Structures are given as structure tokens and as C-alpha cells.
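Undergrad: target.txt is reproduced in full below (compact mmCIF, C-alpha atoms and all ligand atoms).
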# COMPACT_ATOMS: atom_id res chain seq x y z
CA MET V 1 54.45 -51.37 -81.14
CA THR V 2 54.25 -48.37 -83.45
CA ALA V 3 52.20 -45.48 -82.15
CA PRO V 4 49.48 -44.25 -84.52
CA ARG V 5 49.36 -40.57 -85.42
CA ILE V 6 46.17 -38.78 -84.44
CA ALA V 7 45.38 -35.50 -86.19
CA VAL V 8 44.03 -32.97 -83.66
CA SER V 9 42.15 -29.96 -85.01
CA GLY V 10 43.68 -26.79 -83.59
CA VAL V 11 42.51 -23.31 -82.69
CA VAL V 12 43.78 -19.81 -83.41
CA ARG V 13 43.44 -17.47 -80.44
CA ASP V 14 44.90 -14.19 -79.34
CA TRP V 15 47.21 -14.70 -76.41
CA HIS V 16 49.64 -12.16 -74.98
CA GLY V 17 48.93 -9.72 -77.80
CA ALA V 18 49.42 -11.99 -80.80
CA PRO V 19 47.39 -14.67 -82.59
CA ARG V 20 48.68 -18.12 -81.67
CA ALA V 21 48.00 -21.54 -83.20
CA GLY V 22 47.56 -24.43 -80.80
CA VAL V 23 45.05 -26.47 -78.86
CA ASN V 24 44.10 -27.12 -75.23
CA ALA V 25 46.92 -29.16 -73.72
CA ALA V 26 44.45 -31.69 -72.30
CA TYR V 27 43.70 -33.03 -75.81
CA VAL V 28 47.39 -33.58 -76.47
CA SER V 29 47.93 -35.26 -73.10
CA ALA V 30 44.84 -37.46 -73.47
CA VAL V 31 45.84 -38.74 -76.92
CA ALA V 32 49.46 -39.25 -75.88
CA GLY V 33 48.33 -40.96 -72.68
CA ALA V 34 46.33 -43.43 -74.76
CA GLY V 35 49.42 -44.30 -76.82
CA GLY V 36 48.83 -42.09 -79.86
CA ILE V 37 51.00 -39.33 -81.27
CA PRO V 38 48.95 -36.13 -81.43
CA VAL V 39 49.57 -34.07 -84.59
CA ILE V 40 48.02 -30.63 -84.28
CA LEU V 41 46.63 -29.43 -87.61
CA SER V 42 46.02 -25.69 -87.79
CA GLN V 43 43.38 -24.09 -89.96
CA LEU V 44 46.15 -21.69 -91.02
CA ILE V 45 47.45 -24.28 -93.49
CA GLY V 46 44.22 -23.91 -95.50
CA ILE V 47 41.52 -26.27 -96.69
CA GLY V 48 43.41 -27.05 -99.91
CA VAL V 49 45.91 -29.21 -98.02
CA ALA V 50 43.59 -30.66 -95.37
CA ALA V 51 43.38 -34.04 -97.11
CA ARG V 52 47.14 -34.09 -97.75
CA ALA V 53 47.87 -33.32 -94.10
CA LEU V 54 45.67 -36.21 -93.02
CA GLU V 55 47.60 -38.65 -95.21
CA GLY V 56 50.24 -38.72 -92.49
CA CYS V 57 47.73 -39.68 -89.80
CA GLU V 58 45.77 -42.77 -88.86
CA GLY V 59 42.95 -41.05 -86.95
CA LEU V 60 41.26 -37.67 -86.40
CA LEU V 61 40.17 -35.89 -83.23
CA LEU V 62 37.81 -32.94 -83.74
CA THR V 63 38.11 -30.68 -80.70
CA GLY V 64 35.95 -28.19 -78.81
CA GLY V 65 35.70 -24.46 -79.32
CA GLU V 66 33.63 -21.87 -81.10
CA ASP V 67 30.01 -22.23 -82.23
CA VAL V 68 29.52 -23.64 -85.71
CA ASP V 69 28.24 -20.95 -88.11
CA PRO V 70 24.49 -21.68 -88.46
CA THR V 71 24.59 -20.80 -92.17
CA HIS V 72 26.14 -24.27 -92.61
CA TYR V 73 22.77 -25.75 -91.66
CA GLY V 74 20.61 -23.11 -93.30
CA GLU V 75 19.67 -20.99 -90.26
CA ASP V 76 20.08 -17.32 -89.48
CA PRO V 77 22.22 -16.56 -86.45
CA SER V 78 20.35 -16.42 -83.12
CA PRO V 79 21.02 -13.35 -80.93
CA ALA V 80 22.38 -15.88 -78.42
CA LEU V 81 24.88 -17.36 -80.85
CA GLY V 82 28.41 -17.34 -79.44
CA SER V 83 31.58 -16.51 -81.33
CA VAL V 84 32.14 -18.28 -84.63
CA ASP V 85 35.29 -18.86 -86.68
CA ARG V 86 34.35 -19.43 -90.30
CA ASP V 87 37.89 -20.37 -91.31
CA ARG V 88 37.95 -23.02 -88.63
CA ASP V 89 34.53 -24.29 -89.74
CA ARG V 90 35.67 -24.65 -93.33
CA PHE V 91 38.97 -26.28 -92.36
CA GLU V 92 37.38 -28.82 -90.03
CA LEU V 93 34.64 -29.63 -92.55
CA ALA V 94 37.41 -30.31 -95.09
CA LEU V 95 39.32 -32.43 -92.56
CA PHE V 96 36.22 -34.45 -91.71
CA ALA V 97 35.34 -34.99 -95.38
CA ALA V 98 38.87 -36.18 -96.09
CA ALA V 99 38.85 -38.47 -93.04
CA ARG V 100 35.56 -39.97 -94.10
CA ALA V 101 36.77 -40.52 -97.65
CA ALA V 102 39.86 -42.28 -96.30
CA ARG V 103 37.78 -44.23 -93.73
CA LEU V 104 39.89 -42.90 -90.85
CA PRO V 105 38.53 -43.38 -87.33
CA VAL V 106 37.13 -40.10 -85.97
CA LEU V 107 36.46 -38.95 -82.40
CA GLY V 108 34.47 -35.73 -81.96
CA ILE V 109 34.38 -33.74 -78.72
CA CYS V 110 31.89 -30.94 -77.88
CA ARG V 111 32.12 -28.68 -80.93
CA GLY V 112 33.34 -31.86 -82.66
CA ILE V 113 29.99 -33.68 -82.25
CA GLN V 114 28.24 -30.55 -83.50
CA LEU V 115 30.50 -30.12 -86.51
CA ILE V 116 30.13 -33.81 -87.46
CA ASN V 117 26.35 -33.57 -87.22
CA VAL V 118 26.28 -30.44 -89.40
CA ALA V 119 28.74 -31.94 -91.91
CA LEU V 120 26.42 -34.92 -92.34
CA GLY V 121 23.27 -32.83 -92.77
CA GLY V 122 22.01 -32.32 -89.22
CA THR V 123 21.15 -29.13 -87.35
CA LEU V 124 22.02 -27.63 -83.95
CA TYR V 125 20.39 -25.79 -81.11
CA GLN V 126 22.23 -22.48 -81.39
CA ASP V 127 21.57 -21.81 -77.71
CA LEU V 128 20.05 -24.41 -75.39
CA PRO V 129 18.76 -22.05 -72.64
CA SER V 130 16.72 -19.93 -75.07
CA GLU V 131 15.67 -22.64 -77.55
CA ARG V 132 15.28 -25.67 -75.31
CA PRO V 133 14.95 -24.59 -71.69
CA GLY V 134 15.06 -27.49 -69.26
CA ALA V 135 15.88 -28.54 -65.76
CA ILE V 136 19.52 -29.23 -66.53
CA ASP V 137 22.13 -26.50 -66.75
CA HIS V 138 24.53 -27.68 -69.45
CA ASP V 139 26.90 -24.80 -68.84
CA PRO V 140 27.19 -24.40 -65.07
CA ASP V 141 29.76 -22.16 -63.47
CA SER V 142 31.98 -24.99 -62.24
CA PRO V 143 35.50 -26.30 -62.87
CA ARG V 144 36.12 -27.87 -66.28
CA HIS V 145 36.50 -31.35 -64.80
CA ALA V 146 33.42 -31.12 -62.52
CA ARG V 147 30.92 -33.91 -63.16
CA THR V 148 27.55 -32.19 -63.22
CA HIS V 149 24.75 -34.14 -64.96
CA HIS V 150 23.87 -37.74 -65.77
CA VAL V 151 24.22 -39.29 -69.21
CA ARG V 152 22.72 -42.65 -70.11
CA LEU V 153 24.24 -44.63 -72.97
CA ALA V 154 22.56 -47.10 -75.31
CA PRO V 155 23.58 -50.66 -74.34
CA GLY V 156 25.81 -52.21 -76.98
CA SER V 157 26.70 -48.86 -78.53
CA ARG V 158 30.24 -47.87 -79.46
CA ALA V 159 30.01 -45.17 -76.81
CA ALA V 160 29.04 -47.66 -74.09
CA HIS V 161 31.73 -50.07 -75.23
CA ALA V 162 34.47 -47.42 -75.25
CA LEU V 163 33.44 -45.93 -71.91
CA GLY V 164 32.77 -49.31 -70.30
CA VAL V 165 29.61 -48.05 -68.59
CA GLU V 166 26.00 -47.39 -69.54
CA ARG V 167 25.49 -44.49 -67.17
CA LEU V 168 27.92 -41.82 -66.05
CA VAL V 169 28.10 -38.25 -64.81
CA PRO V 170 30.39 -36.31 -67.15
CA ASN V 171 31.29 -32.63 -67.13
CA SER V 172 29.22 -30.22 -69.20
CA PHE V 173 30.06 -26.82 -70.60
CA HIS V 174 28.20 -26.21 -73.80
CA HIS V 175 25.30 -23.99 -74.81
CA GLN V 176 24.77 -25.65 -78.20
CA ALA V 177 23.76 -29.24 -78.94
CA VAL V 178 22.57 -31.58 -81.68
CA LYS V 179 18.97 -30.75 -82.71
CA ASP V 180 18.03 -32.72 -85.84
CA LEU V 181 20.33 -35.73 -85.98
CA ALA V 182 22.06 -36.38 -89.31
CA PRO V 183 20.80 -39.56 -91.05
CA ALA V 184 24.28 -41.13 -90.98
CA LEU V 185 24.50 -40.88 -87.18
CA ILE V 186 22.96 -42.91 -84.36
CA ALA V 187 22.16 -41.22 -81.05
CA THR V 188 23.71 -43.32 -78.29
CA GLY V 189 23.82 -41.03 -75.24
CA TRP V 190 21.36 -38.63 -73.62
CA SER V 191 21.21 -36.42 -70.56
CA ASP V 192 18.08 -36.78 -68.44
CA ASP V 193 16.42 -33.85 -70.28
CA GLY V 194 16.80 -35.69 -73.59
CA VAL V 195 19.68 -33.66 -75.04
CA ILE V 196 21.87 -35.86 -77.25
CA GLU V 197 25.25 -36.27 -75.54
CA ALA V 198 26.81 -39.06 -77.66
CA VAL V 199 26.54 -40.39 -81.21
CA ASP V 200 27.95 -43.37 -83.09
CA GLY V 201 28.54 -43.61 -86.80
CA ARG V 202 26.68 -46.36 -88.63
CA PRO V 203 28.28 -49.80 -88.34
CA GLU V 204 28.99 -50.00 -92.09
CA ASP V 205 30.85 -46.68 -92.06
CA ALA V 206 34.34 -46.07 -90.69
CA TRP V 207 34.62 -45.93 -86.87
CA LEU V 208 33.10 -42.69 -85.61
CA LEU V 209 32.20 -41.69 -82.09
CA ALA V 210 31.42 -38.25 -80.70
CA VAL V 211 30.42 -36.85 -77.32
CA GLN V 212 29.03 -33.51 -76.20
CA TRP V 213 31.07 -33.33 -73.02
CA HIS V 214 34.84 -32.88 -72.49
CA PRO V 215 36.49 -36.25 -71.75
CA GLU V 216 39.96 -34.76 -72.21
CA GLU V 217 39.55 -32.89 -68.92
CA MET V 218 39.29 -36.26 -67.09
CA HIS V 219 42.40 -37.89 -68.52
CA VAL V 220 44.49 -37.31 -65.38
CA ASP V 221 42.10 -39.56 -63.42
CA VAL V 222 43.26 -43.10 -64.19
CA THR V 223 39.88 -44.47 -63.14
CA ALA V 224 37.85 -42.16 -65.40
CA PRO V 225 35.72 -44.02 -67.97
CA GLU V 226 36.45 -41.17 -70.38
CA ARG V 227 39.98 -42.47 -70.91
CA GLY V 228 38.35 -45.31 -72.83
CA LEU V 229 37.27 -42.90 -75.57
CA PHE V 230 40.88 -42.00 -76.38
CA SER V 231 42.02 -45.61 -76.08
CA ALA V 232 39.28 -46.67 -78.50
CA LEU V 233 40.32 -44.02 -81.04
CA VAL V 234 44.00 -44.95 -80.77
CA GLU V 235 43.26 -48.69 -81.07
CA GLU V 236 41.14 -48.11 -84.17
CA ALA V 237 43.92 -45.97 -85.63
CA ARG V 238 46.49 -48.65 -84.80
CA LYS V 239 44.58 -51.17 -86.94
CA ARG V 240 45.40 -49.04 -89.96
CA LEU V 241 49.11 -49.25 -89.14
CA VAL V 242 48.97 -53.02 -88.73
CA ASN V 243 47.17 -53.38 -92.03
CA ALA V 244 49.65 -51.15 -93.82
CA GLU V 245 52.75 -52.79 -92.34
CA VAL V 246 52.03 -56.48 -92.69
CA PRO V 247 52.36 -56.65 -96.51
CA GLU V 248 55.69 -54.81 -96.35
CA ARG V 249 57.11 -57.22 -93.80
CA ALA V 250 55.78 -60.14 -95.78
CA LEU V 251 57.56 -58.92 -98.91
CA ASP V 252 60.87 -58.28 -97.14
CA ALA V 253 61.00 -61.60 -95.36
CA GLY V 254 59.66 -63.50 -98.35
CA ALA V 255 62.49 -62.25 -100.51
CA ALA V 256 64.95 -63.58 -97.94
CA GLY V 257 63.28 -66.99 -98.03
CA LYS V 258 61.80 -66.77 -94.55
CA GLU V 259 58.20 -67.57 -95.35
CA ASP V 260 57.63 -69.18 -91.98
CA ALA V 261 58.62 -65.99 -90.22
CA VAL V 262 55.99 -63.96 -92.00
CA ALA V 263 53.18 -66.48 -91.87
CA GLN V 264 52.44 -65.69 -88.25
CA PRO V 265 51.76 -61.95 -88.50
CA VAL V 266 49.79 -62.48 -91.69
CA GLU V 267 47.71 -65.19 -90.06
CA ARG V 268 47.20 -63.17 -86.94
CA ALA V 269 45.91 -60.28 -89.02
CA ALA V 270 43.63 -62.63 -90.92
CA GLN V 271 42.31 -64.10 -87.67
CA ARG V 272 41.40 -60.63 -86.52
CA GLY V 273 39.38 -60.24 -89.69
CA GLU V 274 41.51 -57.44 -91.00
CA SER V 275 42.04 -56.86 -94.68
CA LEU V 276 45.70 -56.59 -95.55
CA ARG V 277 44.97 -53.96 -98.14
CA ARG V 278 42.35 -51.85 -96.47
CA GLY V 279 44.68 -49.54 -94.60
CA ALA V 280 47.31 -49.14 -97.29
MN MN H 301 25.66 -31.51 -71.24
So, in terms of C-alpha cells, how does the structure I just supplied come out?
Ligand code: MN

TA:
Amino acid sequence: MTAPRIAVSGVVRDWHGAPRAGVNAAYVSAVAGAGGIPVILSQLIGIGVAARALEGCEGLLLTGGEDVDPTHYGEDPSPALGSVDRDRDRFELALFAAARAARLPVLGICRGIQLINVALGGTLYQDLPSERPGAIDHDPDSPRHARTHHVRLAPGSRAAHALGVERLVPNSFHHQAVKDLAPALIATGWSDDGVIEAVDGRPEDAWLLAVQWHPEEMHVDVTAPERGLFSALVEEARKRLVNAEVPERALDAGAAGKEDAVAQPVERAAQRGESLRRGA
């Protein structure tokens, strides 16, 4: 079975005295562990080739990191705003636009849910403690994999389906969050203080799921429900490979006079309700 390629948005950080391009290893391990091939796309390649870079991939993972520049949603920066990276903002907005145009499946994590919401016209809390004080500390001083507050998921949602539960206690280290939800998104997960922790895309749009917590930090635990998020992304991406490959096999075998041999994969794809052309 061919492994789908999952574009992973990277970061540029200073490390040992020089700027380096990469991403937290947990994202790479989580995608690979789910059967995908992670392809790290760096903002250094520029927004002009974002769409071209995605042509070689069947899915997109938007990762965590800096605060999104509030000018993207028409607000002045709060004094509590964290560090921003405008080049990364622009690159990821271009990646997301290209993914949406190509109907690629998209998984957003932490900054990813925020960037998706902003890209689709929503706004953010720039700083939860000062703008929306509540009983829950969303950025406690605890290990990255520590499960610290409850999240309830909407029954029947993509999030609940992928995670296989309707209530869980994920990790939490974020000081921003979705404020006004973009019209093209559906809130599907909330912490007990009402902060949006998961969103689905609309059913008629390409597969999109995003969470405010960091499921990649749980991937080493084989029992963690969070592994289901990466499996769901990879399975959605794999559908695009199946759709693209079936016509080619049909043509090859048909030319050799082996129609019976190709009828089965074509029929199986049809039984799954998949268009043979959609992913081409
Ligand atoms: Mn949280």
C-alpha cells in the first residue's frame, strides 16, 4: 500500500548560533507512525511556490508555534501578544489556500487551528488570561504530554470520530484561542470554560479537522486517542492516491487485454463511493 505524502509546515528558529529550518520531531514521528510520509515545507521557499510544493503531497498538517499576527484579523497587537513570524504567517496562509483549492485533507494543531480560523475570516483571543480569564489554566507549567483539562466533543463530529471518544483530557499549552469562529468552520470541541478546542470543516468542503491541543506529544502512547487524528488525516490523504492510481492501472491492464484484472479495483473504488477522477 502506497504511503501518502503529508506536507508539514515547518519553523525557522535560531539554534546553536544559526537559523535552522525544521519542525518538532513529534510531528514527523506522529505522521510517520500513522503510515504517512512527512514532507517538511519551510517558509524559506517562499509563498510563490507554496501551491507547487503541495502538488507533491496528498495532505497538509499545519503545526504549532508563534502567535498569528493580529493584523490578519484586523486587530492591533495586545501588549500580551507573544512572538509573531510574519513570513511564516504568509507562507502558511498560502499553503492553506492552495490546499483548500486542491481539496486536500488538512489537520491543524494549536497555531494550526488558529491560522485556519483566521484564514477563513475568524478572529482570535490574543491572550486568554487577560482577555478571557477563567478557571482553567490553558498554559500550565507542566510537561508537554501532561493531560491537564477536560475537552468534550460534539457527538458525531469528525473530531469525535477520529479520536474515538466524546470526552478526553488532552494536554494544553496555548495562550491564544479561537474567538469569533469563521463561518466555514463548525466548533466540535470545548474545554469546560467554553474555549473552543476542536473544529471541523463543513461536510461539503474537503476534510478539515483542527485541535487546540498538541496530539503529536501523545503519539508514543499506543493507547492515546490522539493517534486517531493522524490516522484520520493519513487515511483521507490515501484516498487521493487510490483515486489517482486506479485509472492508470485500468489503462495499463486494459491495453494488455486483462479487463477482468482491472474490474475489481475499479469496482471496489466505486463501491466506496470514490470518484475515479477527483484525486487526479
Ligand atoms: Mn486548552

Undergrad: Please provide as a compact mmCIF listing (two decimals) with C-alpha atoms, in the coordinates of the input all residues within 12 Å of V:Ala160, with the sequence filter that same-chain residues fewer than 5 positions apart are discarded (counting only C-alpha atoms).

TA:
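Final output, result_38.txt:
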# COMPACT_ATOMS: atom_id res chain seq x y z
CA VAL V 151 24.22 -39.29 -69.21
CA ARG V 152 22.72 -42.65 -70.11
CA LEU V 153 24.24 -44.63 -72.97
CA ALA V 154 22.56 -47.10 -75.31
CA PRO V 155 23.58 -50.66 -74.34
CA VAL V 165 29.61 -48.05 -68.59
CA GLU V 166 26.00 -47.39 -69.54
CA ARG V 167 25.49 -44.49 -67.17
CA LEU V 168 27.92 -41.82 -66.05
CA ALA V 187 22.16 -41.22 -81.05
CA THR V 188 23.71 -43.32 -78.29
CA GLY V 189 23.82 -41.03 -75.24
CA TRP V 190 21.36 -38.63 -73.62
CA ALA V 198 26.81 -39.06 -77.66
CA VAL V 199 26.54 -40.39 -81.21
CA ASP V 200 27.95 -43.37 -83.09
CA LEU V 209 32.20 -41.69 -82.09
CA ALA V 210 31.42 -38.25 -80.70
CA VAL V 211 30.42 -36.85 -77.32
CA PRO V 225 35.72 -44.02 -67.97
CA GLU V 226 36.45 -41.17 -70.38
CA GLY V 228 38.35 -45.31 -72.83
CA LEU V 229 37.27 -42.90 -75.57
CA ALA V 232 39.28 -46.67 -78.50

Undergrad: Between atom CA of V:Glu197 and atom CA of V:Val12, what is the spacing in Å?

TA: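 Computed distance, atom CA of V:Val12 to atom CA of V:Glu197, equals 26.0 Å.
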
Undergrad: Residues at most 10 Å from ligand MN 301 (chain H), using all atoms listed in the file? Could they come as an MDAnalysis selection string?

TA: chainID V and resid 110 128 136:140 147:151 169:177 190:193 195:198 211:214

Undergrad: Of the candidates V:Tyr125, V:Ile6, V:His16, V:Ser142, which shows the shortest atom-to-atom distance to V:Glu75, using all atoms listed in the file?

TA: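 Ranked by minimum distance to V:Glu75, first place goes to V:Tyr125.
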
Undergrad: What is the atom CA of V:Arg13 to atom CA of V:Asp85 distance in Å?

TA: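 Here the two named atoms are 10.4 Å from each other.
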
Undergrad: Determine the nearest neighbour of V:Val178 from the options V:His161, V:Arg202, V:Arg111, V:Arg238, counting all atoms listed in the file.

TA: V:Arg111

Undergrad: What's the separation between atom CA of V:Leu93 and atom CA of V:Met218, in Å to one decimal place?

TA: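 Between these atoms lies a distance of 26.7 Å.
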
Undergrad: Which residues, written as a list in words, have at least one atom at most 12 Å from V:Pro183, with only C-alpha atoms counted and residues fewer than 6 positions away on the same chain left out?

TA: Ile116, Asn117, Val118, Ala119, Leu120, Gly121, Gly122, Thr123, Val199, Asp200, Gly201 and Arg202 of chain V

Undergrad: Find the residue from V:Ala21, V:Val68, V:Ile113, V:Val31 that sits nearest to V:Val84; use all atoms listed in the file when measuring.

TA: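 Checking each of V:Ala21, V:Val68, V:Ile113, V:Val31 against V:Val84, counting all atoms listed in the file, the winner is V:Val68.
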
Undergrad: With distances taken over all atoms listed in the file, which residue among V:Val23, V:Ala182, V:Ala97, V:Ala102 lies nearest V:Gly56?

TA: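 Smallest distance to V:Gly56 is found for V:Ala102.
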
Undergrad: Find the residues around V:Ser9 up to 9 Å (all atoms listed in the file counted), leave out those fewer than 6 positions away in its own chain, and share them as a VMD selection string.

TA: chain V and resid 22 to 23 39 to 43 60 to 64 88 91 to 92 95

Undergrad: Could I get stretch 7-40 of chain V rebuilt with N, CA and C atoms, written as a PDB file, in the frame of the given file?

TA:
ATOM      1  N   ALA V   7      45.535 -36.920 -85.861  1.00  0.00           N
ATOM      2  CA  ALA V   7      45.380 -35.500 -86.190  1.00  0.00           C
ATOM      3  C   ALA V   7      44.435 -34.860 -85.175  1.00  0.00           C
ATOM      4  N   VAL V   8      44.833 -33.705 -84.643  1.00  0.00           N
ATOM      5  CA  VAL V   8      44.030 -32.970 -83.660  1.00  0.00           C
ATOM      6  C   VAL V   8      43.750 -31.588 -84.235  1.00  0.00           C
ATOM      7  N   SER V   9      42.463 -31.262 -84.418  1.00  0.00           N
ATOM      8  CA  SER V   9      42.150 -29.960 -85.010  1.00  0.00           C
ATOM      9  C   SER V   9      42.470 -28.851 -84.016  1.00  0.00           C
ATOM     10  N   GLY V  10      43.193 -27.839 -84.472  1.00  0.00           N
ATOM     11  CA  GLY V  10      43.680 -26.790 -83.590  1.00  0.00           C
ATOM     12  C   GLY V  10      42.791 -25.561 -83.563  1.00  0.00           C
ATOM     13  N   VAL V  11      43.213 -24.595 -82.787  1.00  0.00           N
ATOM     14  CA  VAL V  11      42.510 -23.310 -82.690  1.00  0.00           C
ATOM     15  C   VAL V  11      43.510 -22.194 -82.961  1.00  0.00           C
ATOM     16  N   VAL V  12      42.970 -21.030 -83.329  1.00  0.00           N
ATOM     17  CA  VAL V  12      43.780 -19.810 -83.410  1.00  0.00           C
ATOM     18  C   VAL V  12      43.172 -18.813 -82.446  1.00  0.00           C
ATOM     19  N   ARG V  13      43.933 -18.393 -81.468  1.00  0.00           N
ATOM     20  CA  ARG V  13      43.440 -17.470 -80.440  1.00  0.00           C
ATOM     21  C   ARG V  13      44.478 -16.400 -80.162  1.00  0.00           C
ATOM     22  N   ASP V  14      43.980 -15.229 -79.785  1.00  0.00           N
ATOM     23  CA  ASP V  14      44.900 -14.190 -79.340  1.00  0.00           C
ATOM     24  C   ASP V  14      45.352 -14.506 -77.915  1.00  0.00           C
ATOM     25  N   TRP V  15      46.635 -14.390 -77.716  1.00  0.00           N
ATOM     26  CA  TRP V  15      47.210 -14.700 -76.410  1.00  0.00           C
ATOM     27  C   TRP V  15      48.471 -13.863 -76.261  1.00  0.00           C
ATOM     28  N   HIS V  16      48.502 -13.062 -75.214  1.00  0.00           N
ATOM     29  CA  HIS V  16      49.640 -12.160 -74.980  1.00  0.00           C
ATOM     30  C   HIS V  16      49.895 -11.275 -76.205  1.00  0.00           C
ATOM     31  N   GLY V  17      48.803 -10.742 -76.782  1.00  0.00           N
ATOM     32  CA  GLY V  17      48.930  -9.720 -77.800  1.00  0.00           C
ATOM     33  C   GLY V  17      49.218 -10.184 -79.211  1.00  0.00           C
ATOM     34  N   ALA V  18      49.173 -11.497 -79.445  1.00  0.00           N
ATOM     35  CA  ALA V  18      49.420 -11.990 -80.800  1.00  0.00           C
ATOM     36  C   ALA V  18      48.553 -13.227 -81.058  1.00  0.00           C
ATOM     37  N   PRO V  19      48.130 -13.436 -82.297  1.00  0.00           N
ATOM     38  CA  PRO V  19      47.390 -14.670 -82.590  1.00  0.00           C
ATOM     39  C   PRO V  19      48.332 -15.873 -82.510  1.00  0.00           C
ATOM     40  N   ARG V  20      47.851 -16.923 -81.851  1.00  0.00           N
ATOM     41  CA  ARG V  20      48.680 -18.120 -81.670  1.00  0.00           C
ATOM     42  C   ARG V  20      47.896 -19.322 -82.189  1.00  0.00           C
ATOM     43  N   ALA V  21      48.611 -20.298 -82.724  1.00  0.00           N
ATOM     44  CA  ALA V  21      48.000 -21.540 -83.200  1.00  0.00           C
ATOM     45  C   ALA V  21      48.329 -22.651 -82.220  1.00  0.00           C
ATOM     46  N   GLY V  22      47.311 -23.350 -81.747  1.00  0.00           N
ATOM     47  CA  GLY V  22      47.560 -24.430 -80.800  1.00  0.00           C
ATOM     48  C   GLY V  22      46.297 -25.169 -80.482  1.00  0.00           C
ATOM     49  N   VAL V  23      46.246 -25.763 -79.302  1.00  0.00           N
ATOM     50  CA  VAL V  23      45.050 -26.470 -78.860  1.00  0.00           C
ATOM     51  C   VAL V  23      45.162 -26.658 -77.348  1.00  0.00           C
ATOM     52  N   ASN V  24      44.045 -26.858 -76.668  1.00  0.00           N
ATOM     53  CA  ASN V  24      44.100 -27.120 -75.230  1.00  0.00           C
ATOM     54  C   ASN V  24      45.030 -28.302 -74.957  1.00  0.00           C
ATOM     55  N   ALA V  25      45.913 -28.127 -73.995  1.00  0.00           N
ATOM     56  CA  ALA V  25      46.920 -29.160 -73.720  1.00  0.00           C
ATOM     57  C   ALA V  25      46.269 -30.489 -73.336  1.00  0.00           C
ATOM     58  N   ALA V  26      45.083 -30.454 -72.751  1.00  0.00           N
ATOM     59  CA  ALA V  26      44.450 -31.690 -72.300  1.00  0.00           C
ATOM     60  C   ALA V  26      44.199 -32.661 -73.461  1.00  0.00           C
ATOM     61  N   TYR V  27      43.894 -32.143 -74.654  1.00  0.00           N
ATOM     62  CA  TYR V  27      43.700 -33.030 -75.810  1.00  0.00           C
ATOM     63  C   TYR V  27      44.995 -33.758 -76.152  1.00  0.00           C
ATOM     64  N   VAL V  28      46.092 -33.004 -76.137  1.00  0.00           N
ATOM     65  CA  VAL V  28      47.390 -33.580 -76.470  1.00  0.00           C
ATOM     66  C   VAL V  28      47.766 -34.649 -75.438  1.00  0.00           C
ATOM     67  N   SER V  29      47.576 -34.314 -74.159  1.00  0.00           N
ATOM     68  CA  SER V  29      47.930 -35.260 -73.100  1.00  0.00           C
ATOM     69  C   SER V  29      47.044 -36.507 -73.149  1.00  0.00           C
ATOM     70  N   ALA V  30      45.753 -36.318 -73.455  1.00  0.00           N
ATOM     71  CA  ALA V  30      44.840 -37.460 -73.470  1.00  0.00           C
ATOM     72  C   ALA V  30      45.172 -38.414 -74.608  1.00  0.00           C
ATOM     73  N   VAL V  31      45.486 -37.878 -75.786  1.00  0.00           N
ATOM     74  CA  VAL V  31      45.840 -38.740 -76.920  1.00  0.00           C
ATOM     75  C   VAL V  31      47.177 -39.429 -76.651  1.00  0.00           C
ATOM     76  N   ALA V  32      48.150 -38.666 -76.176  1.00  0.00           N
ATOM     77  CA  ALA V  32      49.460 -39.250 -75.880  1.00  0.00           C
ATOM     78  C   ALA V  32      49.349 -40.301 -74.784  1.00  0.00           C
ATOM     79  N   GLY V  33      48.519 -40.017 -73.776  1.00  0.00           N
ATOM     80  CA  GLY V  33      48.330 -40.960 -72.680  1.00  0.00           C
ATOM     81  C   GLY V  33      47.715 -42.267 -73.131  1.00  0.00           C
ATOM     82  N   ALA V  34      46.961 -42.224 -74.226  1.00  0.00           N
ATOM     83  CA  ALA V  34      46.330 -43.430 -74.760  1.00  0.00           C
ATOM     84  C   ALA V  34      47.252 -44.161 -75.744  1.00  0.00           C
ATOM     85  N   GLY V  35      48.463 -43.624 -75.955  1.00  0.00           N
ATOM     86  CA  GLY V  35      49.420 -44.300 -76.820  1.00  0.00           C
ATOM     87  C   GLY V  35      49.473 -43.782 -78.245  1.00  0.00           C
ATOM     88  N   GLY V  36      48.772 -42.693 -78.522  1.00  0.00           N
ATOM     89  CA  GLY V  36      48.830 -42.090 -79.860  1.00  0.00           C
ATOM     90  C   GLY V  36      49.807 -40.938 -79.895  1.00  0.00           C
ATOM     91  N   ILE V  37      50.160 -40.516 -81.092  1.00  0.00           N
ATOM     92  CA  ILE V  37      51.000 -39.330 -81.270  1.00  0.00           C
ATOM     93  C   ILE V  37      50.109 -38.212 -81.799  1.00  0.00           C
ATOM     94  N   PRO V  38      49.806 -37.214 -80.957  1.00  0.00           N
ATOM     95  CA  PRO V  38      48.950 -36.130 -81.430  1.00  0.00           C
ATOM     96  C   PRO V  38      49.684 -35.251 -82.446  1.00  0.00           C
ATOM     97  N   VAL V  39      49.023 -34.945 -83.545  1.00  0.00           N
ATOM     98  CA  VAL V  39      49.570 -34.070 -84.590  1.00  0.00           C
ATOM     99  C   VAL V  39      48.578 -32.920 -84.756  1.00  0.00           C
ATOM    100  N   ILE V  40      48.960 -31.753 -84.245  1.00  0.00           N
ATOM    101  CA  ILE V  40      48.020 -30.630 -84.280  1.00  0.00           C
ATOM    102  C   ILE V  40      47.990 -30.051 -85.694  1.00  0.00           C
TER     103      ILE V  40
END
